[in-house]
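These notes are about the structure you will find just below.
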Amino acid sequence: MKKARVLSMLSATALASMMVVALPTAAHAADPACDGKLTVNSCVGATSDGAPFSMMVPGNFNGTVYLYSHGYRPNVNVVAGIPGYGGYVVTNTPQPGPNATMIGYLLSQGYAVTGSGFSRQGWNADAGVATDVELIGAFKKQFPTTKHVVAWGESLGGFITQALAEKHPELVDAVAPMCMASGTVEAELTMAGDFLWGVKTLFDPSIQGTNYAAGAAGYVQEMTDLGKFFTVLGKIQAGISSGAWPDTTSATGLALQKAGIPVRSAFLLLGLMSGIGTQSAHFDSISGPAGALKLAFPLAVSPALAILENGANAGALAILATQDVENQSGGVIFDNTKTDYAARIATESVVFNVALGGDDSIAGMLAALSPLNPGAPRVTGNPVAIAKMRTLLAHTGKINVPTITMVGVADPITPAGASQWVADKYAAQFAAEKAAASAAYKTAGSYVPPVKKLLSIWSTTPATYTTFTTAGAPITSTPPAPGTNHCNFTTAQYQVVAKQLGSVAKTGMMITGGALNTLIRKAKNLSIDPMYHAPLLKFYNE
Amino acid sequence: MIGTSRRKLLVASAVLATGALAFTAIPAQAFSVHNEIGVTSNSIKLGITLPMTGAAAAGYNKVPGGMKAYFDYVNANGGVNGRKITLVVKDDAYTPTASVQLTNELILKDKVFAVVGALGTANNKAVAALVNPGRRGIPDLFVNTGFSGFADKKTYPTTFSLFPSYVMEAKILSMYIKENFPGKKLGLLYQADDFGRDALAGFKTGGLAFDVSVPYAPLSQATPTTPPTWITKLQAGGAEVVVLFGVSSATAAALGAAYAMKYHPQWILGSVSGDATAIKLAGVPAPLFTGVQTASFLPAPADTTDEYVKLFQTINAKYNPGTTFDNNILAGMNTAFVTVQAIAAAGKNLTRKGLISAIETKGSTFASAGLTPMAPSATSHAGYNGYWFGTYDGTATLKPNGGTYTVYTTDSGAGAVAKSTYKRPAMPVNGLPTN
């Protein structure tokens with residue numbers, strides 16, 4: 001009886017799998033063109049929606065393919081001179097792995113790799129999942145010896161990977177959303193939007209920030225905002241040293257300046273209320289130079305400099321992604337009319353009390369940013385546009401297949417809290433599964449404990465890492481510290497994830513126990529401490 | 001069915017194993033299996049974060065020496081239930097972000113059983129929010145701060161206070177000032193953060209209004225031009241009695257500026273503000289202490305008639321040689337003493353959960369040098385609940401007013417302030433607490 005039921009389920013799964021695969025393949029995607037090389041057979045093609053893809057299959061293909069989803073690429077060209085994005089030209093070049101080293105590593109192990117460049121750039125989660133589904137079908141059709149598919153991706157690609165596993169668990173054996181955005185696009189855009197609103201409100205009211213026009217006019221507004229944002233960041237950076245507020249400071253900002261509040265304190269407050277981290281690529285908010293500033297630098301200055309490094313990413317994201325999602329949704333999608341920024345920093349106002357200038361200074365800044373201050377107008381979103389944005393693909397957080405998340409604890413774009421959101425959802429899911437197992441034991445007499453399906457890996461920062469010149473100036477020319485910057489992983493760290501995915505494909509189980517601990521230890525700067533809990537994005541606490 | 005059979009087999013194996021061990025007649029302690037992190041059959045590892053270097057270190061950096069000296073004394077006398085205690089000390093330089101990082105290290109790398117005596121209100125709040133010992137079930141014992149919130153078991157389930165709260169202190173100060181300085185113009189200099197806010201709440205409840213209040217931003221005392229502005233405000237307000245509720249470096253800055261500006265009010269220092277060691281190290285000469293009053297919940301460190309002080313001085317001389325015994329050593333040893341008491345009370349099968357339970361159920365009867373009882377319970381993690389007042393002499397030695405300890409007690413709520421009737425029990429034999 002039991003055997004028959006299992007067979008029946010298998011058949012149903014296979015049928016569902018075939019149906020899902022069969023449908024997109026029938027959507028007139030061209031068959032890929034392959035070079036037929038014996039060592040690595042490389043194929044290129046496009047899905048039915050025009051997303052170019054590549055497939056690389058080694059001669060000793062072991063039957064498992066790694067499907068990679070790349071991260072956010074702006075959907076517009078970015079003018080030169082913008083940090084991080086300057087000179088970017090829109091591209092949909094397919095990307096079958098995180099980097100060439102990892103692609104080579106997987107191929108050397110007998111795994112195949114595949115990935116697309118998606119059909120459109122910008123926030124494209126809905127289209128991305130559709131492309132991945134079709135690509136899986138195309139790959140299986142092209143390489144019928146394929147037995148297992150594992151999916152991984154980074155940033156927006158992590159979001160797409162998690163969504164793929166939620167919607168189509170029958171297509172993937174295991175997934176690894178890395179440095180992922182999670183939940184909804186709204187969570188990320190709230191963080192970025194709060195920060196941009198704060199910078200506009202205090203430091204440069206001419207920044208538009210929202211309500212970008214469609215088409216070419218919107219593009220000009222967007223690029224103008226990027227230029228203004230990074231210009232004012234430069235002035236703030238100078239002001240952190242000199243004490244001067246930017247010459248574009250608003251009347252509200254000038255009032256704070258007159259009250260004796262340093263620009264670094266005001267800027268730090270904006271970062272904290274948005275949920276931007278105070279550990280950045282070069283600033284740990286702990287270290288100080290030898291001498292008189294040993295204590296004062298980490299207590300008063302370093303957190304603001306960390307926000308400066310991290311906030312550059314957040315602000316750019318706010319402008320580029322907001323313009324994109326506004327255009328997709330038809331209006332202003334950021335709304336902070338009801339945001340309680342004081343509540344947002346309840347903990348931070350204690351931890352960073354010195355850097356913020358003490359209670360009175362904090363109260364003054366919060367009053368300046370209050371909705372009661374006409375000099376700090378809040379942004380009212382377009383309800384129709386917001387509703388439409390909320391129809392974009394969102395996660396439930398359900399874990400259907402073995403899943404490995406990995407994220408830097410100080411990732412500035414997709415904070416560790418995004419992966420924590422998934423971990424929290426899974427904790428509730430696992431508790432429910434345990435309860436169900438216990439209930440089944442009471443009725444059926446046998447207890448089958450649920451198997452844990454989520455492994456959360458945290459890329460950790462060193463205890464301290466800010467370095468200084470002999471004159472006491474912080475050094476920012478060194479590579480970013482581990483655990484900081486966006487998707488800043490080493491090859492060894494990627495390999496931990498890749499090996500876990502490979503293990504599931506091969507044995508049906510993740511590596512656990514001592515073997516896992518050894519992997520983690522050897523990769524360095526990783527933690528799987530189950531009790532670690534990253535702060536959630538502010539959006540999720542409201 | 002398979003699951004049930006396997007479980008039966010495991011149970012049977014366990015029974016057999018237990019039986020086999022029983023026959024060997026080895027002492028129970030030798031075969032008891034301890035899975036608790038930081039505990040073995042013969043050791044207990046504890047950790048602390050506090051400023052050992054930097055501007056805030058003066059005085060506080062003597063605390064771990066005092067704690068270690070007492071633990072060494074206990075270890076030399078057989079330890080607690082055969083387990084010797086080690087203390088891992090991490091220097092956070094008083095920076096909350098460093099406290100977070102280092103507490104994580106204590107937990108994950110050093111694998112301590114519990115954190116003990118971590119110092120600083122902001123530091124402990126940062127750790128509670130970002131390391132979350134409460135969620136992890138890690139005891140966070142006898143924090144070195146009087147912030148009243150840490151008594152809240154619901155918010156901080158594994159954190160225990162030891163100091164009376166700043167709210168209690170301010171309430172008791174209110175009563176003391178009203179009784180002893182009626183009609184005087186009152187001034188208040190306080191740190192504008194959680195620490196000072198707690199005090200303001202206590203003064204409000206205590207019904208004490210100040211004629212002039214001067215808040216200062218944390219660390220602003222380090223800017224040489226700032227302290228004179230405090231004094232100018234206090235002078236302009238005509239304050240004859242000035243209460244200082246801040247850190248010792250602010251006390252030093254205020255006393256120095258006042259002396260230079262020929263301003264000589266009656267200074268009353270809060271317990272944190274009144275650390276003579278730190279103030280002297282900051283350059284304030286001992287004669288300037290003359291007549292300055294402060295509050296304390298432990299006996300005066302120079303009071304050799306007190307059996308705890310006497311024993312602690314002996315222990316300090318032997319296990320912490322070359323270090324002058326003062327209020328910081330006394331506080332460190334007392335924290336270690338209460339910790340040993342709690343560990344002993346948790347019994348031989350030492351677990352984190354058991355330790356927390358022991359403090360909640362037996363903490364109010366713990367022996368200690370404190371001149372008021374501790375107040376932990378199943379619903380509150382409060383520490384001591386009272387203060388006595390003393391006056392410094394020209395050698396910066398604190399002596400109780402009137403020659404005896406008159407202790408006042410209250411709570412962190414709306415309860416009245418009253419003279420304490422508490423009689424401290426005799427010290428355990430040789431200063432070694434038992435269960």
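Residues in the structure tokens are numbered from 1 in each chain, the chains being A, B, ... in the order shown, and ligands are numbered from 1 in the order shown.
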Any chance you could tabulate, as a tab-separated table, the residues of chain B at most 6 Å from chain A with each one's nearest atom pair and distance in Å to one decimal, using only C-alpha atoms, in chain and rising number order?
```
residue	atom	partner	partner_atom	distance
B:Met1	CA	A:Ser446	CA	4.8
B:Gly3	CA	A:Tyr447	CA	5.6
B:Pro96	CA	A:Val351	CA	5.8
B:Thr97	CA	A:Ile286	CA	6.0
B:Ala98	CA	A:Ile286	CA	5.3
B:Ala122	CA	A:Val351	CA	5.5
B:Ala126	CA	A:Val351	CA	5.3
B:Ala192	CA	A:Asp359	CA	5.2
B:Asp193	CA	A:Asp359	CA	5.1
B:Ala217	CA	A:Gly358	CA	4.7
B:Pro218	CA	A:Val354	CA	5.5
```
Close residues, Ala236 of chain B itself excluded, 10 Å, only C-alpha atoms, min 5 positions apart in chain, as a PDB file with N, CA and C atoms, in the first residue's frame:
```pdb
ATOM      1  N   VAL B 212      19.007  74.341  38.720  1.00  0.00           N
ATOM      2  CA  VAL B 212      19.720  74.400  37.440  1.00  0.00           C
ATOM      3  C   VAL B 212      20.197  72.990  37.067  1.00  0.00           C
ATOM      4  N   TRP B 230      29.979  74.159  31.916  1.00  0.00           N
ATOM      5  CA  TRP B 230      29.082  73.571  32.934  1.00  0.00           C
ATOM      6  C   TRP B 230      29.113  74.435  34.193  1.00  0.00           C
ATOM      7  N   ILE B 231      30.354  74.743  34.586  1.00  0.00           N
ATOM      8  CA  ILE B 231      30.523  75.473  35.846  1.00  0.00           C
ATOM      9  C   ILE B 231      29.892  76.863  35.737  1.00  0.00           C
TER      10      ILE B 231
END
```
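Separating atom CA of Phe230 of chain A from atom CA of Ala314 of chain A is a distance of 11.4 Å.
Checking A:Val325, A:Ala112, A:Ile520, A:Val301 one by one against Leu189 of chain A, counting only C-alpha atoms, you find the shortest gap at A:Val325.
Each of A:Gln221, A:Gly311, A:Tyr66, A:Val113 was compared to Ser54 of chain A using only C-alpha atoms, and A:Val113 turns out to be the nearest.
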Legend entry - Atomic separation - atom CA of Lys147 of chain A relative to atom CA of Pro169 of chain A, Å: 14.8 Å
Legend entry - Contact residues around Asn211 of chain A with only C-alpha atoms at 8 Å, ignoring same-chain residues under 4 positions, as a PyMOL selection string: chain A and resi 323+326+331-332
Dump of C-alpha atoms for the selected residues, as a PDB file, in the first residue's frame:
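And here is the file that came out, selection-v3.pdb:
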```pdb
ATOM      1  CA  GLN A 323      13.202  54.727 -11.049  1.00  0.00           C
ATOM      2  CA  GLU A 326       8.315  53.269 -10.399  1.00  0.00           C
ATOM      3  CA  GLY A 331       4.016  56.020  -9.925  1.00  0.00           C
ATOM      4  CA  VAL A 332       5.719  56.785  -6.642  1.00  0.00           C
TER       5      VAL A 332
END
```
Inset, instruction - Enumerate the residues of segment 157-324 of chain B with a DSSP assignment of helix (DSSP H, G or I), computed from the backbone, and present them as a VMD selection string. - result: chain B and resid 166 to 180 194 to 205 220 to 222 226 to 236 248 to 260 276 to 281 286 to 289 307 to 319
Legend entry - Selection: 12 Å around Leu536 of chain A, only C-alpha atoms, excl. self and same-chain fewer than 3 positions, as a ChimeraX atom specification: /A:181-183,187-188,191,274-277,344,409,414-425,533,539-542 /B:129-130
Residues of the last selection are to be written out with C-alpha atoms, as a JSON list (two decimals), in the first residue's frame.
```json
[["chain", "number", "residue", "atom", "x", "y", "z"],
["A", 181, "ALA", "CA", 17.28, 40.03, -1.40],
["A", 182, "SER", "CA", 14.25, 38.44, 0.24],
["A", 183, "GLY", "CA", 10.57, 38.84, 0.81],
["A", 187, "ALA", "CA", 11.92, 45.80, 1.80],
["A", 188, "GLU", "CA", 15.08, 46.74, -0.08],
["A", 191, "MET", "CA", 15.95, 50.85, 3.23],
["A", 274, "SER", "CA", 17.44, 53.28, 7.40],
["A", 275, "GLY", "CA", 19.06, 50.12, 8.71],
["A", 276, "ILE", "CA", 22.40, 50.62, 6.98],
["A", 277, "GLY", "CA", 25.21, 48.81, 8.75],
["A", 344, "ARG", "CA", 13.56, 52.73, 14.25],
["A", 409, "VAL", "CA", 27.21, 39.93, 8.07],
["A", 414, "THR", "CA", 21.37, 43.00, 0.75],
["A", 415, "PRO", "CA", 21.93, 43.07, 4.50],
["A", 416, "ALA", "CA", 22.29, 39.82, 6.40],
["A", 417, "GLY", "CA", 18.82, 40.52, 7.76],
["A", 418, "ALA", "CA", 17.38, 39.55, 4.38],
["A", 419, "SER", "CA", 18.75, 36.02, 4.78],
["A", 420, "GLN", "CA", 17.70, 36.13, 8.42],
["A", 421, "TRP", "CA", 14.13, 36.73, 7.28],
["A", 422, "VAL", "CA", 14.24, 33.40, 5.45],
["A", 423, "ALA", "CA", 15.84, 31.70, 8.46],
["A", 424, "ASP", "CA", 13.11, 33.02, 10.74],
["A", 425, "LYS", "CA", 10.39, 31.84, 8.37],
["A", 533, "HIS", "CA", 20.63, 36.40, 14.52],
["A", 539, "PHE", "CA", 10.78, 47.18, 6.87],
["A", 540, "TYR", "CA", 10.13, 43.86, 8.58],
["A", 541, "ASN", "CA", 9.97, 45.36, 12.05],
["A", 542, "GLU", "CA", 7.06, 47.65, 11.24],
["B", 129, "ALA", "CA", 20.38, 43.70, 21.20],
["B", 130, "LEU", "CA", 23.03, 42.42, 18.84]]
```
Inset, instruction - From segment 76-271 of chain B, collect each residue whose DSSP state is strand (DSSP E) and return the set as a ChimeraX atom specification. - result: /B:84-91,114-116,140-143,159-161,186-191,212-216,241-245,266-269
Just to be explicit: take each residue in the selection above, keep N, CA and C atoms, and write the result as a compact mmCIF listing (two decimals), in the first residue's frame.
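out-v1.txt, freshly written:
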```
# COMPACT_ATOMS: atom_id res chain seq x y z
N LYS B 84 37.55 24.42 38.95
CA LYS B 84 38.29 25.66 39.11
C LYS B 84 37.84 26.68 38.06
N ILE B 85 37.79 27.92 38.48
CA ILE B 85 37.21 28.96 37.62
C ILE B 85 38.32 29.75 36.93
N THR B 86 38.16 29.93 35.63
CA THR B 86 39.05 30.84 34.91
C THR B 86 38.21 31.98 34.33
N LEU B 87 38.86 33.12 34.17
CA LEU B 87 38.15 34.31 33.66
C LEU B 87 38.90 34.85 32.45
N VAL B 88 38.18 34.92 31.32
CA VAL B 88 38.75 35.49 30.09
C VAL B 88 38.37 36.97 30.03
N VAL B 89 39.35 37.83 29.95
CA VAL B 89 39.10 39.28 29.99
C VAL B 89 39.29 39.87 28.60
N LYS B 90 38.30 40.61 28.13
CA LYS B 90 38.38 41.26 26.82
C LYS B 90 38.26 42.78 27.01
N ASP B 91 39.14 43.49 26.37
CA ASP B 91 39.19 44.95 26.48
C ASP B 91 38.35 45.59 25.38
N ALA B 114 29.55 31.51 30.94
CA ALA B 114 28.72 32.69 31.23
C ALA B 114 29.58 33.93 31.12
N VAL B 115 28.91 35.05 30.89
CA VAL B 115 29.57 36.35 30.93
C VAL B 115 29.28 36.94 32.30
N VAL B 116 30.30 37.54 32.92
CA VAL B 116 30.14 38.04 34.28
C VAL B 116 30.71 39.45 34.40
N ASP B 140 24.25 36.15 31.71
CA ASP B 140 24.93 37.44 31.60
C ASP B 140 24.86 38.04 33.00
N LEU B 141 25.80 37.61 33.83
CA LEU B 141 25.64 37.81 35.27
C LEU B 141 26.19 39.14 35.78
N PHE B 142 25.43 39.73 36.67
CA PHE B 142 25.88 40.82 37.52
C PHE B 142 26.58 41.93 36.74
N VAL B 143 25.85 42.45 35.78
CA VAL B 143 26.39 43.48 34.90
C VAL B 143 26.85 44.69 35.72
N THR B 159 20.01 38.15 31.88
CA THR B 159 20.86 39.19 32.46
C THR B 159 20.45 39.45 33.91
N PHE B 160 21.44 39.57 34.79
CA PHE B 160 21.16 39.87 36.19
C PHE B 160 21.92 41.12 36.62
N SER B 161 21.23 41.98 37.33
CA SER B 161 21.86 43.17 37.89
C SER B 161 22.54 42.80 39.20
N LEU B 186 19.81 73.99 44.32
CA LEU B 186 20.36 72.71 43.88
C LEU B 186 20.73 72.72 42.40
N GLY B 187 21.85 72.12 42.11
CA GLY B 187 22.28 71.97 40.72
C GLY B 187 22.48 70.50 40.38
N LEU B 188 22.31 70.18 39.09
CA LEU B 188 22.52 68.80 38.62
C LEU B 188 23.34 68.83 37.34
N LEU B 189 24.41 68.05 37.34
CA LEU B 189 25.20 67.85 36.13
C LEU B 189 25.08 66.37 35.79
N TYR B 190 24.55 66.06 34.61
CA TYR B 190 24.29 64.65 34.30
C TYR B 190 24.62 64.32 32.86
N GLN B 191 24.91 63.05 32.64
CA GLN B 191 25.24 62.56 31.29
C GLN B 191 23.94 62.34 30.51
N VAL B 212 19.01 74.34 38.72
CA VAL B 212 19.72 74.40 37.44
C VAL B 212 20.20 72.99 37.07
N SER B 213 19.87 72.59 35.84
CA SER B 213 20.28 71.26 35.35
C SER B 213 21.18 71.45 34.14
N VAL B 214 22.28 70.74 34.13
CA VAL B 214 23.23 70.85 33.02
C VAL B 214 23.49 69.45 32.46
N PRO B 215 22.90 69.14 31.30
CA PRO B 215 23.23 67.86 30.68
C PRO B 215 24.54 67.98 29.91
N TYR B 216 25.27 66.90 29.84
CA TYR B 216 26.46 66.92 28.96
C TYR B 216 26.44 65.68 28.08
N VAL B 241 24.43 73.32 46.18
CA VAL B 241 24.66 71.87 46.26
C VAL B 241 24.57 71.34 44.83
N VAL B 242 25.61 70.65 44.40
CA VAL B 242 25.61 70.14 43.02
C VAL B 242 25.72 68.62 43.04
N VAL B 243 24.74 67.99 42.42
CA VAL B 243 24.77 66.53 42.26
C VAL B 243 25.37 66.22 40.90
N LEU B 244 26.31 65.28 40.90
CA LEU B 244 26.95 64.92 39.64
C LEU B 244 26.61 63.47 39.31
N PHE B 245 25.90 63.28 38.23
CA PHE B 245 25.50 61.94 37.81
C PHE B 245 26.11 61.66 36.44
N GLN B 266 28.74 72.38 47.58
CA GLN B 266 28.79 71.06 48.19
C GLN B 266 28.57 70.04 47.07
N TRP B 267 29.59 69.28 46.77
CA TRP B 267 29.46 68.27 45.71
C TRP B 267 28.89 66.99 46.28
N ILE B 268 27.93 66.43 45.61
CA ILE B 268 27.42 65.10 45.95
C ILE B 268 27.52 64.26 44.69
N LEU B 269 28.36 63.25 44.75
CA LEU B 269 28.62 62.44 43.56
C LEU B 269 27.78 61.17 43.57
```
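Nearest residue to Val80 of chain B, choosing from B:Phe325, B:Phe203, B:Phe337, B:Phe297 and counting only C-alpha atoms: B:Phe337.
Pairwise distance (atom CA of Asn41 of chain A, atom CA of Val57 of chain A) equals 5.1 Å.
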Inset, instruction - Might you pull out every residue within 10 Å of Val247 of chain B, with only C-alpha atoms counted and same-chain residues fewer than 5 positions away left off, and present them as a ChimeraX atom specification? - result: /B:56,190-191,195,218-219,221,252,269-275,278-279
Legend entry - Neighbour list for segment 488-494 of chain A as a ChimeraX atom specification, cut-off 12 Å, only C-alpha atoms, skip fewer than 4 positions in-chain: /A:97-106,152-155,176-179,280-281,404-414,457-461,479-484,498-501,519-527
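Among B:His381, B:Val292, B:Gln235, B:Pro287, the residue with the shortest atom-to-atom distance to Phe150 of chain B, counting only C-alpha atoms, is B:His381.
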Inset, instruction - Please provide the set of residues having any atom within 12 Å of Pro373 of chain B, restricted to only C-alpha atoms, with same-chain residues fewer than 4 positions apart removed, written as a VMD selection string. - result: chain B and resid 162 to 164 297 to 298 338 362 to 369 382 to 387 407 to 410 420 to 425
Keeping N, CA and C atoms for every residue in the selection just given, could you write it to a file as a compact mmCIF listing (two decimals), in the first residue's frame?
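Resulting contents of result.txt:
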```txt
# COMPACT_ATOMS: atom_id res chain seq x y z
N LEU B 162 23.48 43.63 39.61
CA LEU B 162 24.06 43.51 40.94
C LEU B 162 23.95 44.86 41.65
N PHE B 163 24.31 45.92 40.93
CA PHE B 163 24.23 47.25 41.52
C PHE B 163 22.76 47.62 41.77
N PRO B 164 22.53 48.45 42.78
CA PRO B 164 21.20 49.06 42.85
C PRO B 164 21.01 49.89 41.58
N PHE B 297 27.03 51.07 48.08
CA PHE B 297 26.24 49.94 48.62
C PHE B 297 27.16 48.88 49.21
N LEU B 298 28.47 49.03 48.99
CA LEU B 298 29.44 48.13 49.60
C LEU B 298 30.09 48.85 50.76
N VAL B 338 29.86 36.75 44.59
CA VAL B 338 28.45 36.45 44.32
C VAL B 338 28.35 35.42 43.19
N LYS B 362 17.28 31.45 44.71
CA LYS B 362 18.05 31.56 45.95
C LYS B 362 18.81 32.88 46.08
N GLY B 363 18.81 33.69 45.02
CA GLY B 363 19.64 34.89 45.00
C GLY B 363 19.36 35.86 46.12
N SER B 364 18.13 35.94 46.55
CA SER B 364 17.80 36.92 47.59
C SER B 364 18.39 36.55 48.94
N THR B 365 18.92 35.31 49.05
CA THR B 365 19.55 34.92 50.32
C THR B 365 21.06 34.74 50.16
N PHE B 366 21.58 35.11 49.02
CA PHE B 366 23.03 34.95 48.82
C PHE B 366 23.82 35.79 49.83
N ALA B 367 24.92 35.21 50.29
CA ALA B 367 25.87 35.98 51.09
C ALA B 367 26.65 36.89 50.16
N SER B 368 27.02 38.08 50.65
CA SER B 368 27.88 38.97 49.87
C SER B 368 28.30 40.12 50.77
N ALA B 369 29.20 40.94 50.25
CA ALA B 369 29.67 42.08 51.04
C ALA B 369 28.65 43.22 51.05
N ALA B 382 16.59 42.08 39.61
CA ALA B 382 17.19 43.23 40.30
C ALA B 382 18.34 42.79 41.18
N GLY B 383 19.24 43.74 41.47
CA GLY B 383 20.37 43.46 42.35
C GLY B 383 20.13 44.03 43.73
N TYR B 384 21.14 44.70 44.27
CA TYR B 384 21.00 45.33 45.59
C TYR B 384 19.97 46.45 45.51
N ASN B 385 19.50 46.86 46.69
CA ASN B 385 18.43 47.87 46.66
C ASN B 385 18.63 49.02 47.64
N GLY B 386 19.89 49.37 47.89
CA GLY B 386 20.06 50.49 48.80
C GLY B 386 21.44 51.11 48.79
N TYR B 387 21.56 52.24 49.49
CA TYR B 387 22.81 53.00 49.55
C TYR B 387 23.02 53.59 50.94
N VAL B 407 21.93 52.86 56.04
CA VAL B 407 21.56 52.42 54.68
C VAL B 407 20.09 52.75 54.41
N TYR B 408 19.87 53.32 53.25
CA TYR B 408 18.51 53.61 52.81
C TYR B 408 18.15 52.64 51.68
N THR B 409 16.92 52.24 51.67
CA THR B 409 16.51 51.26 50.66
C THR B 409 15.24 51.72 49.95
N THR B 410 15.09 51.26 48.72
CA THR B 410 13.87 51.55 47.95
C THR B 410 13.80 50.60 46.75
N SER B 420 17.04 51.12 56.00
CA SER B 420 17.07 49.67 55.91
C SER B 420 17.24 49.05 57.28
N THR B 421 16.53 47.96 57.51
CA THR B 421 16.70 47.22 58.76
C THR B 421 17.51 45.94 58.51
N TYR B 422 18.04 45.83 57.33
CA TYR B 422 18.75 44.61 56.92
C TYR B 422 20.01 44.42 57.76
N LYS B 423 20.17 43.23 58.27
CA LYS B 423 21.39 42.86 58.98
C LYS B 423 22.13 41.85 58.12
N ARG B 424 23.26 42.26 57.63
CA ARG B 424 24.00 41.36 56.74
C ARG B 424 24.43 40.12 57.51
N PRO B 425 24.14 38.93 56.97
CA PRO B 425 24.54 37.71 57.67
C PRO B 425 26.06 37.61 57.75
```
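Minimum distance to Lys235 of chain A across A:Leu308, A:Leu256, A:Thr114, A:His395 (counting only C-alpha atoms) occurs at A:Leu308.
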